[in-house]
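Everything below belongs to run-v4.pdb, which stores PDB, C-alpha atoms.
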```pdb
ATOM      1  CA  MET A   1       0.000   0.000   0.000
ATOM      2  CA  ARG A   2       1.027   3.588  -0.495
ATOM      3  CA  THR A   3       2.252   6.131   1.958
ATOM      4  CA  ARG A   4       0.833   9.631   2.037
ATOM      5  CA  PRO A   5       2.667  11.807  -0.583
ATOM      6  CA  GLY A   6       3.890  14.380   1.944
ATOM      7  CA  LEU A   7       5.727  11.683   3.884
ATOM      8  CA  LEU A   8       7.687  10.145   1.047
ATOM      9  CA  VAL A   9      11.126  11.269   2.153
ATOM     10  CA  ALA A  10      12.636   8.136   3.647
ATOM     11  CA  ALA A  11      15.818   8.410   1.607
ATOM     12  CA  LEU A  12      16.243  12.171   1.867
ATOM     13  CA  PRO A  13      18.454  12.391   4.974
ATOM     14  CA  LEU A  14      21.099  10.355   3.178
ATOM     15  CA  ALA A  15      20.687  12.405   0.008
ATOM     16  CA  ALA A  16      20.997  15.681   1.880
ATOM     17  CA  ALA A  17      24.052  14.462   3.758
ATOM     18  CA  LEU A  18      25.853  13.799   0.506
ATOM     19  CA  LEU A  19      24.968  17.081  -1.188
ATOM     20  CA  ALA A  20      28.292  18.706  -0.430
ATOM     21  CA  SER A  21      30.225  15.997  -2.228
ATOM     22  CA  ALA A  22      27.592  15.826  -4.931
ATOM     23  CA  CYS A  23      28.022  19.487  -5.798
ATOM     24  CA  SER A  24      31.768  19.078  -6.243
ATOM     25  CA  SER A  25      31.223  16.547  -9.015
ATOM     26  CA  SER A  26      31.501  17.733 -12.609
ATOM     27  CA  SER A  27      28.709  15.449 -13.790
ATOM     28  CA  SER A  28      25.560  13.901 -12.428
ATOM     29  CA  SER A  29      24.502  10.301 -12.175
ATOM     30  CA  PRO A  30      21.318   9.033 -13.798
ATOM     31  CA  GLY A  31      18.106   9.329 -11.830
ATOM     32  CA  ALA A  32      15.140   7.009 -11.848
ATOM     33  CA  GLY A  33      14.959   6.637 -15.596
ATOM     34  CA  GLY A  34      16.023  10.212 -16.230
ATOM     35  CA  GLY A  35      19.368   9.560 -17.855
ATOM     36  CA  SER A  36      22.588  11.433 -17.168
ATOM     37  CA  THR A  37      23.273  15.113 -17.524
ATOM     38  CA  ALA A  38      26.491  17.100 -17.672
ATOM     39  CA  ALA A  39      27.487  20.276 -15.859
ATOM     40  CA  THR A  40      26.778  23.294 -18.036
ATOM     41  CA  ALA A  41      27.471  26.917 -18.726
ATOM     42  CA  PRO A  42      24.639  29.156 -19.979
ATOM     43  CA  ALA A  43      24.044  29.021 -23.713
ATOM     44  CA  GLY A  44      25.010  32.138 -25.563
ATOM     45  CA  THR A  45      28.229  32.698 -23.554
ATOM     46  CA  GLY A  46      30.462  31.183 -26.197
ATOM     47  CA  SER A  47      30.072  27.643 -24.844
ATOM     48  CA  THR A  48      28.336  24.950 -26.871
ATOM     49  CA  THR A  49      27.287  23.145 -23.696
ATOM     50  CA  LYS A  50      23.562  22.993 -23.156
ATOM     51  CA  ILE A  51      21.669  24.236 -20.127
ATOM     52  CA  THR A  52      20.847  21.341 -17.801
ATOM     53  CA  ALA A  53      17.221  21.168 -16.736
ATOM     54  CA  ILE A  54      15.193  18.625 -14.787
ATOM     55  CA  GLY A  55      11.529  17.734 -14.641
ATOM     56  CA  ALA A  56      10.710  15.933 -11.418
ATOM     57  CA  GLU A  57       8.199  13.967 -13.505
ATOM     58  CA  ASN A  58       8.888  13.081 -17.113
ATOM     59  CA  GLU A  59       5.838  14.931 -18.443
ATOM     60  CA  TYR A  60       7.402  18.163 -17.185
ATOM     61  CA  ALA A  61      10.796  17.179 -18.601
ATOM     62  CA  ASP A  62       9.138  16.693 -21.984
ATOM     63  CA  VAL A  63       7.721  20.217 -21.922
ATOM     64  CA  ILE A  64      11.118  21.604 -20.885
ATOM     65  CA  SER A  65      12.685  19.810 -23.844
ATOM     66  CA  GLN A  66      10.122  21.177 -26.285
ATOM     67  CA  VAL A  67      10.516  24.749 -25.042
ATOM     68  CA  GLY A  68      14.288  24.628 -24.576
ATOM     69  CA  GLY A  69      14.958  22.972 -27.888
ATOM     70  CA  LYS A  70      18.566  22.809 -29.032
ATOM     71  CA  TYR A  71      19.928  24.896 -26.164
ATOM     72  CA  VAL A  72      18.678  22.731 -23.293
ATOM     73  CA  GLN A  73      19.396  19.200 -22.072
ATOM     74  CA  ALA A  74      16.332  18.039 -20.144
ATOM     75  CA  SER A  75      16.076  14.899 -18.044
ATOM     76  CA  SER A  76      13.511  13.495 -15.643
ATOM     77  CA  ILE A  77      13.650  11.882 -12.235
ATOM     78  CA  MET A  78      10.387   9.915 -12.300
ATOM     79  CA  SER A  79       9.762   8.267 -15.644
ATOM     80  CA  ASN A  80       9.104   4.579 -15.027
ATOM     81  CA  PRO A  81       5.447   3.771 -15.766
ATOM     82  CA  ASN A  82       5.793   0.545 -13.762
ATOM     83  CA  THR A  83       6.352   2.372 -10.464
ATOM     84  CA  ASP A  84       4.109   4.367  -8.158
ATOM     85  CA  PRO A  85       5.316   8.007  -8.020
ATOM     86  CA  HIS A  86       3.644   8.493  -4.643
ATOM     87  CA  THR A  87       6.091   6.046  -3.047
ATOM     88  CA  PHE A  88       9.206   7.404  -4.740
ATOM     89  CA  GLU A  89      12.331   7.781  -2.614
ATOM     90  CA  ALA A  90      15.188  10.088  -3.594
ATOM     91  CA  SER A  91      18.828   8.964  -3.590
ATOM     92  CA  PRO A  92      22.272  10.616  -3.492
ATOM     93  CA  ALA A  93      22.526  10.236  -7.275
ATOM     94  CA  ILE A  94      19.266  12.120  -7.706
ATOM     95  CA  ALA A  95      20.501  14.792  -5.298
ATOM     96  CA  ARG A  96      23.502  15.317  -7.583
ATOM     97  CA  GLU A  97      21.227  15.728 -10.592
ATOM     98  CA  ILE A  98      19.016  18.262  -8.870
ATOM     99  CA  THR A  99      21.782  20.378  -7.347
ATOM    100  CA  SER A 100      23.634  20.635 -10.665
ATOM    101  CA  ALA A 101      20.571  21.704 -12.700
ATOM    102  CA  LYS A 102      19.985  25.288 -13.772
ATOM    103  CA  LEU A 103      16.215  24.818 -14.103
ATOM    104  CA  ILE A 104      13.894  22.471 -12.215
ATOM    105  CA  VAL A 105      10.170  21.972 -12.765
ATOM    106  CA  GLN A 106       8.276  20.106 -10.047
ATOM    107  CA  ASN A 107       4.618  19.473  -9.409
ATOM    108  CA  GLY A 108       4.103  20.500  -5.783
ATOM    109  CA  VAL A 109       0.959  19.685  -3.747
ATOM    110  CA  GLY A 110       3.023  17.182  -1.732
ATOM    111  CA  TYR A 111       3.702  15.072  -4.820
ATOM    112  CA  ASP A 112       7.456  15.662  -5.026
ATOM    113  CA  ASP A 113       8.487  17.231  -1.709
ATOM    114  CA  TRP A 114      11.734  15.286  -1.919
ATOM    115  CA  ALA A 115      12.875  17.731  -4.612
ATOM    116  CA  THR A 116      12.182  20.742  -2.402
ATOM    117  CA  THR A 117      14.075  19.140   0.478
ATOM    118  CA  ILE A 118      17.129  18.612  -1.709
ATOM    119  CA  GLU A 119      16.939  22.148  -3.131
ATOM    120  CA  ASN A 120      16.652  23.678   0.332
ATOM    121  CA  ALA A 121      19.620  21.660   1.564
ATOM    122  CA  ASP A 122      21.826  23.270  -1.088
ATOM    123  CA  PRO A 123      20.335  26.625  -2.155
ATOM    124  CA  SER A 124      21.679  28.367  -5.244
ATOM    125  CA  ASP A 125      20.959  31.809  -6.639
ATOM    126  CA  GLY A 126      21.685  30.449 -10.107
ATOM    127  CA  ARG A 127      18.983  27.789  -9.975
ATOM    128  CA  GLN A 128      15.495  28.489 -11.304
ATOM    129  CA  VAL A 129      12.710  26.385  -9.750
ATOM    130  CA  ILE A 130       9.158  26.238 -11.085
ATOM    131  CA  ASN A 131       6.694  24.760  -8.611
ATOM    132  CA  VAL A 132       3.551  24.150 -10.641
ATOM    133  CA  GLN A 133       1.267  24.356  -7.620
ATOM    134  CA  GLN A 134       2.632  27.804  -6.795
ATOM    135  CA  LEU A 135       2.584  28.826 -10.443
ATOM    136  CA  LEU A 136      -1.142  28.064 -10.583
ATOM    137  CA  GLY A 137      -1.790  29.703  -7.200
ATOM    138  CA  LEU A 138      -3.145  26.507  -5.633
ATOM    139  CA  PRO A 139      -3.276  25.958  -1.850
ATOM    140  CA  ASP A 140      -1.475  23.112  -0.101
ATOM    141  CA  SER A 141      -4.909  21.644   0.628
ATOM    142  CA  THR A 142      -5.584  21.029  -3.079
ATOM    143  CA  PRO A 143      -7.112  17.536  -2.991
ATOM    144  CA  ASN A 144      -5.939  16.284  -6.392
ATOM    145  CA  PRO A 145      -2.190  16.652  -7.076
ATOM    146  CA  HIS A 146      -2.259  15.334 -10.653
ATOM    147  CA  LEU A 147      -2.094  18.820 -12.136
ATOM    148  CA  TRP A 148      -0.788  17.842 -15.581
ATOM    149  CA  TYR A 149      -4.199  16.424 -16.547
ATOM    150  CA  LYS A 150      -5.758  19.888 -16.283
ATOM    151  CA  PRO A 151      -5.819  21.485 -19.766
ATOM    152  CA  SER A 152      -4.807  24.904 -18.443
ATOM    153  CA  THR A 153      -1.695  23.664 -16.614
ATOM    154  CA  MET A 154       0.911  23.028 -19.289
ATOM    155  CA  PRO A 155       0.415  26.296 -21.210
ATOM    156  CA  ALA A 156       1.222  28.143 -17.968
ATOM    157  CA  VAL A 157       4.180  25.831 -17.325
ATOM    158  CA  ALA A 158       5.556  26.309 -20.846
ATOM    159  CA  SER A 159       5.342  30.081 -20.499
ATOM    160  CA  ALA A 160       7.144  29.967 -17.138
ATOM    161  CA  ILE A 161       9.845  27.700 -18.558
ATOM    162  CA  ALA A 162      10.414  30.115 -21.429
ATOM    163  CA  ALA A 163      10.660  33.047 -19.021
ATOM    164  CA  ASP A 164      13.143  31.290 -16.742
ATOM    165  CA  LEU A 165      15.274  30.026 -19.619
ATOM    166  CA  GLY A 166      15.284  33.574 -20.950
ATOM    167  CA  GLN A 167      16.751  34.745 -17.643
ATOM    168  CA  ILE A 168      19.401  32.026 -17.698
ATOM    169  CA  ASP A 169      20.173  32.588 -21.382
ATOM    170  CA  PRO A 170      19.002  36.068 -22.469
ATOM    171  CA  ALA A 171      20.536  35.701 -25.937
ATOM    172  CA  HIS A 172      17.918  33.113 -26.871
ATOM    173  CA  ALA A 173      14.937  34.434 -24.925
ATOM    174  CA  SER A 174      12.868  34.995 -28.061
ATOM    175  CA  TYR A 175      13.606  31.430 -29.201
ATOM    176  CA  TYR A 176      12.254  29.997 -25.952
ATOM    177  CA  LYS A 177       9.202  32.230 -26.070
ATOM    178  CA  ALA A 178       8.421  31.149 -29.642
ATOM    179  CA  ASN A 179       8.803  27.480 -28.718
ATOM    180  CA  ALA A 180       6.439  27.920 -25.773
ATOM    181  CA  ALA A 181       3.859  29.494 -28.058
ATOM    182  CA  SER A 182       4.201  26.627 -30.536
ATOM    183  CA  PHE A 183       3.833  24.093 -27.752
ATOM    184  CA  THR A 184       0.658  25.726 -26.460
ATOM    185  CA  ALA A 185      -0.800  25.874 -29.953
ATOM    186  CA  SER A 186      -0.084  22.165 -30.414
ATOM    187  CA  LEU A 187      -2.352  21.319 -27.469
ATOM    188  CA  SER A 188      -5.401  22.314 -29.510
ATOM    189  CA  ALA A 189      -5.871  18.740 -30.800
ATOM    190  CA  TRP A 190      -6.277  17.534 -27.219
ATOM    191  CA  THR A 191      -8.558  20.333 -26.101
ATOM    192  CA  LYS A 192     -10.704  19.965 -29.240
ATOM    193  CA  ALA A 193     -11.018  16.231 -28.590
ATOM    194  CA  LEU A 194     -12.135  16.949 -25.031
ATOM    195  CA  ALA A 195     -14.705  19.471 -26.246
ATOM    196  CA  ALA A 196     -15.969  17.062 -28.904
ATOM    197  CA  PHE A 197     -16.388  14.275 -26.357
ATOM    198  CA  LYS A 198     -18.203  16.610 -23.962
ATOM    199  CA  ALA A 199     -20.594  17.697 -26.715
ATOM    200  CA  ALA A 200     -21.253  14.155 -27.946
ATOM    201  CA  HIS A 201     -21.465  12.417 -24.559
ATOM    202  CA  PRO A 202     -22.459  14.984 -21.931
ATOM    203  CA  GLY A 203     -22.518  13.732 -18.360
ATOM    204  CA  THR A 204     -21.122  10.291 -19.183
ATOM    205  CA  PRO A 205     -21.071   8.324 -15.896
ATOM    206  CA  VAL A 206     -17.645   6.883 -15.056
ATOM    207  CA  ALA A 207     -15.945   5.126 -12.156
ATOM    208  CA  THR A 208     -12.314   5.530 -11.071
ATOM    209  CA  THR A 209      -9.935   4.129  -8.482
ATOM    210  CA  GLU A 210      -8.257   7.435  -7.663
ATOM    211  CA  PRO A 211      -8.168  10.992  -9.005
ATOM    212  CA  VAL A 212      -5.311  10.530 -11.489
ATOM    213  CA  ALA A 213      -7.230  11.747 -14.547
ATOM    214  CA  ASP A 214     -10.041  13.566 -12.747
ATOM    215  CA  TYR A 215      -9.127  16.983 -14.167
ATOM    216  CA  MET A 216      -9.304  15.593 -17.700
ATOM    217  CA  LEU A 217     -12.551  13.789 -16.941
ATOM    218  CA  GLN A 218     -14.037  17.050 -15.683
ATOM    219  CA  ALA A 219     -12.940  18.820 -18.874
ATOM    220  CA  ALA A 220     -14.578  16.023 -20.880
ATOM    221  CA  GLY A 221     -17.860  16.627 -19.072
ATOM    222  CA  THR A 222     -18.081  13.206 -17.441
ATOM    223  CA  ASP A 223     -19.857  12.434 -14.169
ATOM    224  CA  ASN A 224     -17.475  10.570 -11.852
ATOM    225  CA  LEU A 225     -19.721   8.488  -9.587
ATOM    226  CA  THR A 226     -16.871   7.168  -7.426
ATOM    227  CA  PRO A 227     -16.898   9.068  -4.104
ATOM    228  CA  PHE A 228     -13.884  11.309  -3.695
ATOM    229  CA  THR A 229     -13.359   9.883  -0.212
ATOM    230  CA  PHE A 230     -12.811   6.508  -1.884
ATOM    231  CA  GLN A 231     -10.431   7.995  -4.466
ATOM    232  CA  ALA A 232      -8.427   9.809  -1.787
ATOM    233  CA  ASP A 233      -8.138   6.667   0.327
ATOM    234  CA  ILE A 234      -6.779   4.667  -2.605
ATOM    235  CA  MET A 235      -4.386   7.479  -3.541
ATOM    236  CA  ASN A 236      -3.029   7.745   0.002
ATOM    237  CA  GLY A 237      -2.735   4.020   0.663
ATOM    238  CA  THR A 238      -5.643   3.837   3.084
ATOM    239  CA  ASP A 239      -8.269   1.112   3.053
ATOM    240  CA  PRO A 240     -11.564   2.588   1.803
ATOM    241  CA  SER A 241     -14.564   2.368   4.090
ATOM    242  CA  PRO A 242     -16.885  -0.620   3.633
ATOM    243  CA  GLN A 243     -19.648   1.800   2.622
ATOM    244  CA  ASP A 244     -17.540   3.380  -0.137
ATOM    245  CA  THR A 245     -16.366  -0.017  -1.346
ATOM    246  CA  ALA A 246     -19.923  -1.295  -1.523
ATOM    247  CA  LEU A 247     -20.967   1.796  -3.470
ATOM    248  CA  GLN A 248     -18.054   1.329  -5.877
ATOM    249  CA  ASN A 249     -19.019  -2.304  -6.440
ATOM    250  CA  SER A 250     -22.604  -1.302  -7.173
ATOM    251  CA  LEU A 251     -21.454   0.989  -9.971
ATOM    252  CA  PHE A 252     -20.429  -2.143 -11.871
ATOM    253  CA  THR A 253     -23.008  -4.693 -10.762
ATOM    254  CA  GLN A 254     -25.880  -2.282 -11.371
ATOM    255  CA  HIS A 255     -24.396  -0.982 -14.646
ATOM    256  CA  LYS A 256     -24.411   2.618 -13.468
ATOM    257  CA  VAL A 257     -21.236   3.585 -15.349
ATOM    258  CA  LYS A 258     -20.100   3.343 -18.957
ATOM    259  CA  VAL A 259     -16.364   3.119 -18.342
ATOM    260  CA  PHE A 260     -13.961   2.335 -15.497
ATOM    261  CA  LEU A 261     -10.664   4.230 -15.321
ATOM    262  CA  TYR A 262      -7.926   3.031 -13.004
ATOM    263  CA  ASN A 263      -4.351   4.016 -12.196
ATOM    264  CA  GLN A 264      -2.338   1.709 -14.417
ATOM    265  CA  GLN A 265       0.724   2.227 -12.208
ATOM    266  CA  VAL A 266      -0.974   0.981  -9.026
ATOM    267  CA  THR A 267      -2.687  -2.365  -9.547
ATOM    268  CA  ASP A 268      -3.124  -4.007  -6.149
ATOM    269  CA  ALA A 269      -5.635  -6.733  -5.260
ATOM    270  CA  LEU A 270      -8.457  -4.236  -4.746
ATOM    271  CA  THR A 271      -7.910  -2.630  -8.149
ATOM    272  CA  GLN A 272      -7.756  -6.039  -9.796
ATOM    273  CA  SER A 273     -11.070  -6.967  -8.179
ATOM    274  CA  PHE A 274     -12.685  -3.893  -9.722
ATOM    275  CA  ILE A 275     -11.192  -4.643 -13.135
ATOM    276  CA  LYS A 276     -12.601  -8.169 -12.907
ATOM    277  CA  LEU A 277     -16.008  -6.883 -11.802
ATOM    278  CA  ALA A 278     -16.114  -4.360 -14.633
ATOM    279  CA  ASP A 279     -15.203  -7.053 -17.152
ATOM    280  CA  GLU A 280     -17.860  -9.423 -15.819
ATOM    281  CA  ASN A 281     -20.466  -6.700 -16.267
ATOM    282  CA  GLY A 282     -19.412  -5.632 -19.750
ATOM    283  CA  ILE A 283     -17.970  -2.288 -18.684
ATOM    284  CA  PRO A 284     -14.837  -1.257 -20.640
ATOM    285  CA  VAL A 285     -11.679  -0.450 -18.703
ATOM    286  CA  VAL A 286      -9.146   2.318 -19.358
ATOM    287  CA  GLY A 287      -5.739   2.533 -17.716
ATOM    288  CA  VAL A 288      -4.472   6.049 -17.005
ATOM    289  CA  TYR A 289      -0.905   6.982 -16.116
ATOM    290  CA  GLU A 290       0.792   9.259 -13.612
ATOM    291  CA  THR A 291       4.028   9.485 -15.591
ATOM    292  CA  MET A 292       4.169   9.740 -19.364
ATOM    293  CA  PRO A 293       4.432   6.340 -21.083
ATOM    294  CA  THR A 294       7.776   5.987 -22.802
ATOM    295  CA  PRO A 295       9.120   5.681 -25.381
ATOM    296  CA  GLY A 296       7.115   7.055 -28.247
ATOM    297  CA  TYR A 297       5.013   9.702 -26.523
ATOM    298  CA  THR A 298       5.156  13.431 -26.083
ATOM    299  CA  TYR A 299       2.954  15.174 -23.550
ATOM    300  CA  GLN A 300       0.549  16.139 -26.365
ATOM    301  CA  SER A 301       0.281  12.655 -27.864
ATOM    302  CA  TRP A 302      -0.089  11.102 -24.400
ATOM    303  CA  MET A 303      -3.031  13.326 -23.489
ATOM    304  CA  ALA A 304      -4.607  12.766 -26.901
ATOM    305  CA  ALA A 305      -4.236   9.009 -26.466
ATOM    306  CA  GLU A 306      -5.976   9.125 -23.077
ATOM    307  CA  VAL A 307      -8.979  10.938 -24.585
ATOM    308  CA  SER A 308      -9.019   8.540 -27.518
ATOM    309  CA  ALA A 309      -9.107   5.588 -25.106
ATOM    310  CA  LEU A 310     -11.998   7.180 -23.212
ATOM    311  CA  ASN A 311     -13.880   7.788 -26.454
ATOM    312  CA  LYS A 312     -13.376   4.201 -27.674
ATOM    313  CA  ALA A 313     -14.617   2.877 -24.344
ATOM    314  CA  VAL A 314     -17.821   4.897 -24.505
ATOM    315  CA  THR A 315     -18.589   4.625 -28.223
ATOM    316  CA  SER A 316     -17.365   1.085 -28.974
ATOM    317  CA  LYS A 317     -16.988  -0.553 -25.541
ATOM    318  CA  VAL A 318     -13.316  -1.141 -26.251
ATOM    319  CA  SER A 319     -10.961  -1.417 -23.266
ATOM    320  CA  THR A 320      -7.480   0.166 -23.318
ATOM    321  CA  GLU A 321      -5.591  -0.963 -20.244
ATOM    322  CA  HIS A 322      -2.162  -0.128 -21.676
ATOM    323  CA  LEU A 323      -1.189   2.709 -24.018
TER     324      LEU A 323
END
```

What would the structure in this file look like if it were written as structure tokens?
Amino acid sequence: MRTRPGLLVAALPLAAALLASACSSSSSSPGAGGGSTAATAPAGTGSTTKITAIGAENEYADVISQVGGKYVQASSIMSNPNTDPHTFEASPAIAREITSAKLIVQNGVGYDDWATTIENADPSDGRQVINVQQLLGLPDSTPNPHLWYKPSTMPAVASAIAADLGQIDPAHASYYKANAASFTASLSAWTKALAAFKAAHPGTPVATTEPVADYMLQAAGTDNLTPFTFQADIMNGTDPSPQDTALQNSLFTQHKVKVFLYNQQVTDALTQSFIKLADENGIPVVGVYETMPTPGYTYQSWMAAEVSALNKAVTSKVSTEHL
């Protein structure tokens, strides 16, 4: 079972203790699927070395890469779709990556507090940090931390990335700004697909295990019949109440929903029981992800694929458990 996101710092004391030696290294070790990055000097100063940047989650790293283009080397810390990001533990190698980066984008809302702990242990005036929660002006009490599924999130993130890269590398500020604008424009296929689904299938009843894709489901105009108390319990590794579990079961046995969406990265016995129940009652199942499936996806194509899977489930009763 999971631990609450704000408490996922079991490995941080060791990471913080090694920060001094980490910062003296000229290169960083690979993170959890993020690859390796090299120490850099700002682009435009005569050096051909790229700016190092990190996305705590690989969806943010992908946006950094698209905005930074040829002048930025972006890597991610959390990128393995077979792991649960809520139970992630940082390591000394990850501390080295973070402390050597010039730009960091992290989610906030308790989702990646390990990054903040490492940053605070070794502050740097030359490091730009974008906390998406703070960027969007959201309180710490925000119940759903999966901010990247909200259509308005990544345009704001891309704009902030461009602004911060422009401060690090003023010579190419207009390049970053243009890339951010192109990125935002490219999201129109996703937002149009959401609008089309909402118009064609208003109020579609759905069930979920936890609020991974809830922001997208809201934008698509669906009616999530799973109680949020149930979703929060599953997200935080707490056993749902018998009442909520019974209600969730009834959504399948009484055919109250048209599709069941579950967190593909957390498939415990309870989730498997719901998948089985949905299948027995002819309800299609869609797996949604917390980190971007790799390889082969960009943030835009990932979001478009999630909407496509939802649409196929509702219109053709086709399940898509894996992208």

The PyMOL selection byres ((chain A and resi 108) around 9) applied to the shown file, residues as a list in words: Gln106, Asn107, Val109, Gly110, Tyr111, Asp112, Asp113, Thr116, Asn131, Val132, Gln133, Gln134, Asp140 and Pro145 of chain A

For Ser159 (chain A): contacts at 9 Å, all atoms listed in the file, fewer than 3 positions along chain excluded, given as a PyMOL selection string: chain A and resi 67+154-156+162-164+176-177+180-181+184

Output for the residues just chosen: C-alpha atoms as a CSV table (one decimal), in the coordinates of the input:
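This went into part_2.csv:
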```
chain,number,residue,atom,x,y,z
A,67,VAL,CA,10.5,24.7,-25.0
A,154,MET,CA,0.9,23.0,-19.3
A,155,PRO,CA,0.4,26.3,-21.2
A,156,ALA,CA,1.2,28.1,-18.0
A,162,ALA,CA,10.4,30.1,-21.4
A,163,ALA,CA,10.7,33.0,-19.0
A,164,ASP,CA,13.1,31.3,-16.7
A,176,TYR,CA,12.3,30.0,-26.0
A,177,LYS,CA,9.2,32.2,-26.1
A,180,ALA,CA,6.4,27.9,-25.8
A,181,ALA,CA,3.9,29.5,-28.1
A,184,THR,CA,0.7,25.7,-26.5
```

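You will find CA of Gly55 (chain A) at 5.8 Å from CA of Ile104 (chain A).
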
What separation in Å, quoted to one decimal, exists between CA of Leu165 (chain A) and CA of Leu103 (chain A)? 7.6 Å

Counting all atoms listed in the file, which residue out of A:Leu270, A:Ala93, A:Leu225, A:Met216 sits closest to Trp148 (chain A)?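 Comparing A:Leu270, A:Ala93, A:Leu225, A:Met216 against Trp148 (chain A), the winner is A:Met216.
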
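Restricting the calculation to all atoms listed in the file, the smallest distance between Gln66 (chain A) and any of A:Phe183, A:Tyr149, A:Tyr215, A:Trp302 is found for A:Phe183.
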
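The residues caught by the PyMOL selection byres ((chain A and resi 190) around 10) in this file are Pro151, Ser186, Leu187, Ser188, Ala189, Thr191, Lys192, Ala193, Leu194, Ala195, Ala196, Gln300, Ser301, Trp302, Met303, Ala304, Ala305, Glu306, Val307 and Ser308 of chain A.
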
Keeping only C-alpha atoms, write the selected residues to a file as a compact mmCIF listing (two decimals), in the frame of the given file.
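Output file part.txt is given in full below:
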```txt
# COMPACT_ATOMS: atom_id res chain seq x y z
CA PRO A 151 -5.82 21.48 -19.77
CA SER A 186 -0.08 22.16 -30.41
CA LEU A 187 -2.35 21.32 -27.47
CA SER A 188 -5.40 22.31 -29.51
CA ALA A 189 -5.87 18.74 -30.80
CA THR A 191 -8.56 20.33 -26.10
CA LYS A 192 -10.70 19.96 -29.24
CA ALA A 193 -11.02 16.23 -28.59
CA LEU A 194 -12.14 16.95 -25.03
CA ALA A 195 -14.70 19.47 -26.25
CA ALA A 196 -15.97 17.06 -28.90
CA GLN A 300 0.55 16.14 -26.36
CA SER A 301 0.28 12.66 -27.86
CA TRP A 302 -0.09 11.10 -24.40
CA MET A 303 -3.03 13.33 -23.49
CA ALA A 304 -4.61 12.77 -26.90
CA ALA A 305 -4.24 9.01 -26.47
CA GLU A 306 -5.98 9.12 -23.08
CA VAL A 307 -8.98 10.94 -24.58
CA SER A 308 -9.02 8.54 -27.52
```

Contacts of His172 (chain A) at 12 Å or less, counting only C-alpha atoms, minus same-chain residues fewer than 5 places along, as a PyMOL selection string? chain A and resi 42-45+51+67-72+162-167+177-179

Between A:Ile161, A:Asp223, A:Lys102, A:Asn236, smallest distance to Ser65 (chain A) by only C-alpha atoms belongs to A:Ile161

Hits of the PyMOL selection byres ((chain A and resi 274) around 10) in this structure, as a CSV table (one decimal) with C-alpha atoms, in the frame of the given file:
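Output saved as selection_3.csv:
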```
chain,number,residue,atom,x,y,z
A,207,ALA,CA,-15.9,5.1,-12.2
A,208,THR,CA,-12.3,5.5,-11.1
A,209,THR,CA,-9.9,4.1,-8.5
A,245,THR,CA,-16.4,0.0,-1.3
A,248,GLN,CA,-18.1,1.3,-5.9
A,249,ASN,CA,-19.0,-2.3,-6.4
A,252,PHE,CA,-20.4,-2.1,-11.9
A,260,PHE,CA,-14.0,2.3,-15.5
A,262,TYR,CA,-7.9,3.0,-13.0
A,269,ALA,CA,-5.6,-6.7,-5.3
A,270,LEU,CA,-8.5,-4.2,-4.7
A,271,THR,CA,-7.9,-2.6,-8.1
A,272,GLN,CA,-7.8,-6.0,-9.8
A,273,SER,CA,-11.1,-7.0,-8.2
A,275,ILE,CA,-11.2,-4.6,-13.1
A,276,LYS,CA,-12.6,-8.2,-12.9
A,277,LEU,CA,-16.0,-6.9,-11.8
A,278,ALA,CA,-16.1,-4.4,-14.6
A,279,ASP,CA,-15.2,-7.1,-17.2
A,280,GLU,CA,-17.9,-9.4,-15.8
A,285,VAL,CA,-11.7,-0.4,-18.7
```

Excluding Glu57 (chain A) and any residue of its chain fewer than 4 positions from it, enumerate the residues within 7 Å of it, using all atoms listed in the file, and give them as a short mmCIF file (atom, residue, chain, number, x, y, z; two decimals) with C-alpha atoms, in the coordinates of the input.
```
data_model
loop_
_atom_site.label_atom_id
_atom_site.label_comp_id
_atom_site.auth_asym_id
_atom_site.auth_seq_id
_atom_site.Cartn_x
_atom_site.Cartn_y
_atom_site.Cartn_z
CA ALA A 61 10.80 17.18 -18.60
CA SER A 76 13.51 13.50 -15.64
CA ILE A 77 13.65 11.88 -12.24
CA MET A 78 10.39 9.91 -12.30
CA SER A 79 9.76 8.27 -15.64
CA THR A 291 4.03 9.48 -15.59
#
```

Hey, which of A:Ile64, A:Ile54, A:Leu138, A:Val314 ends up closest to Pro202 (chain A)? Count only C-alpha atoms. A:Val314

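The gap separating CA of Asp214 (chain A) from CA of Thr238 (chain A) is 19.1 Å, in Å to one decimal.
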